[in-house]
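One structure below.
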Amino acid sequence: MTDRSNCFGFRLGSGPMWSELPYMRIGIDGVSPSSVTTRSVTAQASGMFLALNSTPGYCAAAMKGGDMDTFLFTSESVNEGHPDKLCDQVSDAILDACLEQDPESKVACETVAKTDTVMVFGEITTKAKVNYEKIVRDTCRGIGFTSPDVGLDADHCKVLVNIEEQSPDIAQGVHGHLTKKPEEIGAGDQGHMFGYATDETLELMPLTHVLATKLGSKLTEVRKNMTCPWLRPDGKTQVTVEYKNDGGAMIPIRVHTVLISTQHDETVTNEQIAKDLKEHVIKPVIPAQYLDEKTIFHLNPSGRFVIGGPHGDAGLTGRKIIIDTYGGWGAHGGGAFSGKDPTKVDRSGAYIVRQAAKSVVASGLARRCLVQVSYAIGVPEPLSVFVDTYKTGTILEKDILTVIKENFDFRPGMIAVNLDLKRGSNFRYQKTAAYGHFGRNDPDFTWETVKFLNPKA
């Protein structure tokens, strides 16, 4: 008989009695505080059972039958036409333009969008000659915002620009007004960043995040190639996966729920939306092995999503930081990426710890890995480096930490050199601003390159 100690939950309305319901069991034993980072409330479809789901590595929902302890975890994504992602792409397009002409550009660029207006503001010190208005319009047009009907007209919207140079106080402390050598450059601000990797997918990324992101990317693909001509740029996806905890490693069992909310034109019916999404978006993206007769599909559950983009909601750079990273897995220090040059450790620090965590897993030193780094403004050396393998390490964590420190240079100036982060051509940073910064097979994503680690005996 399955132990029901430390379990709690409640049922809404009619449905199965308590003894027939799935339930959540909280079990945290010997975990460091940094491991306990994610709390979410999940709703089981059967009987509308609600329960608290704590950290995925240590919380399990015992499914009826008692043969296997599993739990549900959810990640979401948004399309490139989501107003926040529009703003991320504008900010990174401006960063690309600055770095392409002047690799020493210092950029902190924010974007806000609402209805017929896009505003760019921030601090930029560069020798580059940048036409900010043209970049805004080109980026919006490339996404598909070409008419007020879809949420924004790239050619007729108002573009406001308020850019100043970087504070001289920051400049002297971080890079000495460009006089410091790379190894001397300090962090652009204080903060702590996390990198994460897991062996559950080829990308060494969480399956929930991978599927949600790929669904969003596929929505854009079938919109732009006119497979689904009724689609409009804005949209959101969400995937819930049932997992088994295998001694700290995550084993995906099945896809529990798929949610897609996509902007559409006035002509299409909800029936056609559901049919097309299943055939042209879900089927090509989610492997059949993860789908079964119990998988739940919520396809445009609100019933109508015609008004979208900046017309439906205001957008702002830096508001999709979980989508940009690991879909709620691992941890996040809170700093956004887009519109920031490599001296901003919110970005460069997060990139180097992803490479470190990925290299640990790819080298077989652990099945899951979380790496944290922290900085003080103006100081080159990190204040701390931390590693957690969720009890999946093949060697001691202190030895993994040693090999990380021996193989990765966490000084901001050296991160920029080793990952070639001062290069902005080929839409290098704009590409990161939609569909995730990690787990992508693109040579411009240099932080995805694995260093195979060989710890000393």
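By order in the structure tokens, chains are A, B, ...; within a chain, residues start at 1; ligands start at 1, following the order shown.
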Counting only C-alpha atoms, give me one row per residue of segment 135-216 of chain A with an atom at most 12 Å from an atom of segment 369-384 of chain A, showing the shortest contact pair and its distance in Å to one decimal, sorted by chain then residue number, as JSON lines.
```
{"residue": "A:Asp169", "atom": "CA", "partner": "A:Gly378", "partner_atom": "CA", "distance": 10.5}
{"residue": "A:Ile170", "atom": "CA", "partner": "A:Gly378", "partner_atom": "CA", "distance": 8.1}
{"residue": "A:Ala171", "atom": "CA", "partner": "A:Gly378", "partner_atom": "CA", "distance": 9.2}
{"residue": "A:Gln172", "atom": "CA", "partner": "A:Gly378", "partner_atom": "CA", "distance": 8.6}
{"residue": "A:Gly173", "atom": "CA", "partner": "A:Gly378", "partner_atom": "CA", "distance": 5.0}
{"residue": "A:Val174", "atom": "CA", "partner": "A:Gly378", "partner_atom": "CA", "distance": 4.5}
{"residue": "A:His175", "atom": "CA", "partner": "A:Gly378", "partner_atom": "CA", "distance": 7.9}
{"residue": "A:Gly176", "atom": "CA", "partner": "A:Gly378", "partner_atom": "CA", "distance": 9.5}
{"residue": "A:Lys180", "atom": "CA", "partner": "A:Pro380", "partner_atom": "CA", "distance": 10.8}
{"residue": "A:Lys181", "atom": "CA", "partner": "A:Pro380", "partner_atom": "CA", "distance": 10.8}
{"residue": "A:Pro182", "atom": "CA", "partner": "A:Pro380", "partner_atom": "CA", "distance": 9.2}
{"residue": "A:Glu183", "atom": "CA", "partner": "A:Pro380", "partner_atom": "CA", "distance": 7.1}
{"residue": "A:Glu184", "atom": "CA", "partner": "A:Pro380", "partner_atom": "CA", "distance": 6.0}
{"residue": "A:Ile185", "atom": "CA", "partner": "A:Pro380", "partner_atom": "CA", "distance": 5.6}
{"residue": "A:Gly186", "atom": "CA", "partner": "A:Gly378", "partner_atom": "CA", "distance": 4.0}
{"residue": "A:Ala187", "atom": "CA", "partner": "A:Ile377", "partner_atom": "CA", "distance": 4.9}
{"residue": "A:Gly188", "atom": "CA", "partner": "A:Ile377", "partner_atom": "CA", "distance": 5.4}
{"residue": "A:Asp189", "atom": "CA", "partner": "A:Ile377", "partner_atom": "CA", "distance": 4.1}
{"residue": "A:Gln190", "atom": "CA", "partner": "A:Ala376", "partner_atom": "CA", "distance": 4.2}
{"residue": "A:Gly191", "atom": "CA", "partner": "A:Tyr375", "partner_atom": "CA", "distance": 5.5}
{"residue": "A:His192", "atom": "CA", "partner": "A:Ser374", "partner_atom": "CA", "distance": 4.1}
{"residue": "A:Met193", "atom": "CA", "partner": "A:Val373", "partner_atom": "CA", "distance": 5.5}
{"residue": "A:Phe194", "atom": "CA", "partner": "A:Gln372", "partner_atom": "CA", "distance": 4.5}
{"residue": "A:Gly195", "atom": "CA", "partner": "A:Val371", "partner_atom": "CA", "distance": 5.1}
{"residue": "A:Tyr196", "atom": "CA", "partner": "A:Leu370", "partner_atom": "CA", "distance": 4.6}
{"residue": "A:Ala197", "atom": "CA", "partner": "A:Cys369", "partner_atom": "CA", "distance": 5.4}
{"residue": "A:Thr198", "atom": "CA", "partner": "A:Cys369", "partner_atom": "CA", "distance": 6.6}
{"residue": "A:Asp199", "atom": "CA", "partner": "A:Cys369", "partner_atom": "CA", "distance": 9.3}
{"residue": "A:Glu200", "atom": "CA", "partner": "A:Cys369", "partner_atom": "CA", "distance": 11.9}
{"residue": "A:Leu204", "atom": "CA", "partner": "A:Cys369", "partner_atom": "CA", "distance": 10.1}
{"residue": "A:Met205", "atom": "CA", "partner": "A:Cys369", "partner_atom": "CA", "distance": 10.7}
{"residue": "A:Pro206", "atom": "CA", "partner": "A:Cys369", "partner_atom": "CA", "distance": 11.7}
```
Shell of 8 Å around segment 271-281 of chain A, only C-alpha atoms, local chain residues under 4 positions omitted, as an NGL selection string
:A and (215 or 218-219 or 222 or 227-228 or 285 or 299-300)
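Each of A:Pro287, A:Gly122, A:Pro83, A:Pro455 was compared to Thr402 of chain A using only C-alpha atoms, and A:Pro455 turns out to be the nearest.
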Report the distance between atom CA of Asp153 of chain A and atom CA of Thr115 of chain A in Å, rounded to one decimal place.
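Between these atoms lies a distance of 8.9 Å.
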Could you state the separation of atom CA of Tyr290 of chain A and atom CA of Pro443 of chain A in Å, given to one decimal place?
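We find that atom CA of Tyr290 of chain A and atom CA of Pro443 of chain A lie 29.6 Å from each other.
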Enumerate as a list in words all residues of segment 211-261 of chain A assigned to strand (DSSP E or B) by DSSP on the backbone, naming them with the chain letters and numbers the document uses.
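DSSP-assigned strand (DSSP E or B) residues in segment 211-261 of chain A: Leu231, Arg232, Pro233, Asp234, Gly235, Lys236, Thr237, Gln238, Val239, Thr240, Val241, Glu242, Tyr243, Lys244, Asn245, Asp246, Ala249, Met250, Ile251, Pro252, Ile253, Arg254, Val255, His256, Thr257, Val258, Leu259, Ile260 and Ser261 of chain A.
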Would you write out those residues with N, CA and C atoms, as a CSV table (one decimal), in the first residue's frame?
```csv
chain,number,residue,atom,x,y,z
A,231,LEU,N,-2.9,32.1,-39.6
A,231,LEU,CA,-2.1,32.5,-38.5
A,231,LEU,C,-1.6,33.9,-38.5
A,232,ARG,N,-1.5,34.5,-37.3
A,232,ARG,CA,-0.9,35.8,-37.1
A,232,ARG,C,0.3,35.7,-36.2
A,233,PRO,N,1.1,36.8,-36.0
A,233,PRO,CA,2.4,36.6,-35.4
A,233,PRO,C,2.4,36.2,-33.9
A,234,ASP,N,1.5,36.6,-33.1
A,234,ASP,CA,1.5,36.4,-31.7
A,234,ASP,C,1.1,35.0,-31.4
A,235,GLY,N,1.6,34.5,-30.3
A,235,GLY,CA,1.2,33.1,-29.9
A,235,GLY,C,2.0,32.7,-28.7
A,236,LYS,N,1.4,31.7,-28.0
A,236,LYS,CA,2.1,31.1,-26.8
A,236,LYS,C,1.9,29.6,-26.8
A,237,THR,N,2.8,28.9,-26.2
A,237,THR,CA,2.8,27.4,-26.1
A,237,THR,C,3.1,27.0,-24.7
A,238,GLN,N,2.7,25.8,-24.3
A,238,GLN,CA,3.0,25.3,-23.0
A,238,GLN,C,2.9,23.8,-23.0
A,239,VAL,N,3.8,23.1,-22.4
A,239,VAL,CA,3.8,21.6,-22.4
A,239,VAL,C,4.1,21.1,-21.0
A,240,THR,N,3.2,20.2,-20.6
A,240,THR,CA,3.3,19.5,-19.3
A,240,THR,C,3.8,18.1,-19.6
A,241,VAL,N,4.9,17.7,-18.9
A,241,VAL,CA,5.4,16.3,-19.1
A,241,VAL,C,5.4,15.6,-17.8
A,242,GLU,N,5.0,14.3,-17.9
A,242,GLU,CA,5.1,13.4,-16.7
A,242,GLU,C,6.5,12.8,-16.7
A,243,TYR,N,7.1,13.0,-15.5
A,243,TYR,CA,8.5,12.5,-15.3
A,243,TYR,C,8.6,11.5,-14.2
A,244,LYS,N,9.7,10.7,-14.3
A,244,LYS,CA,10.2,9.9,-13.2
A,244,LYS,C,11.5,10.4,-12.7
A,245,ASN,N,11.7,10.5,-11.4
A,245,ASN,CA,12.9,10.9,-10.8
A,245,ASN,C,13.8,9.6,-10.6
A,246,ASP,N,14.8,9.5,-11.4
A,246,ASP,CA,15.7,8.3,-11.3
A,246,ASP,C,17.0,8.7,-10.6
A,249,ALA,N,18.2,12.1,-11.6
A,249,ALA,CA,18.1,12.4,-13.1
A,249,ALA,C,16.6,12.4,-13.5
A,250,MET,N,16.3,13.1,-14.5
A,250,MET,CA,14.9,13.2,-15.0
A,250,MET,C,14.6,12.3,-16.2
A,251,ILE,N,13.6,11.5,-16.0
A,251,ILE,CA,13.2,10.6,-17.1
A,251,ILE,C,11.9,10.9,-17.6
A,252,PRO,N,11.7,11.5,-18.8
A,252,PRO,CA,10.4,11.8,-19.3
A,252,PRO,C,9.6,10.5,-19.6
A,253,ILE,N,8.4,10.5,-19.2
A,253,ILE,CA,7.5,9.3,-19.4
A,253,ILE,C,6.6,9.6,-20.6
A,254,ARG,N,5.9,10.7,-20.5
A,254,ARG,CA,4.9,11.0,-21.5
A,254,ARG,C,4.5,12.5,-21.5
A,255,VAL,N,3.9,13.0,-22.5
A,255,VAL,CA,3.4,14.3,-22.5
A,255,VAL,C,2.0,14.3,-22.0
A,256,HIS,N,1.8,15.0,-20.9
A,256,HIS,CA,0.5,15.0,-20.2
A,256,HIS,C,-0.5,16.0,-20.9
A,257,THR,N,0.0,17.2,-21.2
A,257,THR,CA,-0.8,18.3,-21.7
A,257,THR,C,-0.1,19.2,-22.7
A,258,VAL,N,-0.7,19.5,-23.8
A,258,VAL,CA,-0.2,20.5,-24.7
A,258,VAL,C,-1.2,21.6,-24.8
A,259,LEU,N,-0.7,22.8,-24.6
A,259,LEU,CA,-1.5,24.1,-24.7
A,259,LEU,C,-0.9,25.0,-25.8
A,260,ILE,N,-1.7,25.4,-26.7
A,260,ILE,CA,-1.3,26.4,-27.7
A,260,ILE,C,-2.4,27.5,-27.8
A,261,SER,N,-2.0,28.7,-27.7
A,261,SER,CA,-2.9,29.8,-27.9
A,261,SER,C,-2.2,30.7,-29.0
```
Atomic separation - atom CA of Glu100 of chain A relative to atom CA of Thr449 of chain A, Å:
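Result for atom CA of Thr449 of chain A versus atom CA of Glu100 of chain A: 22.3 Å, one decimal.
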Residues near Ser167 of chain A, anyone? I mean within 10 Å using only C-alpha atoms, not counting same-chain ones fewer than 6 positions away, as a list of chain:residue names.
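Once the adjacent positions are removed, what remains is A:Glu123, A:Ile124, A:Thr125.
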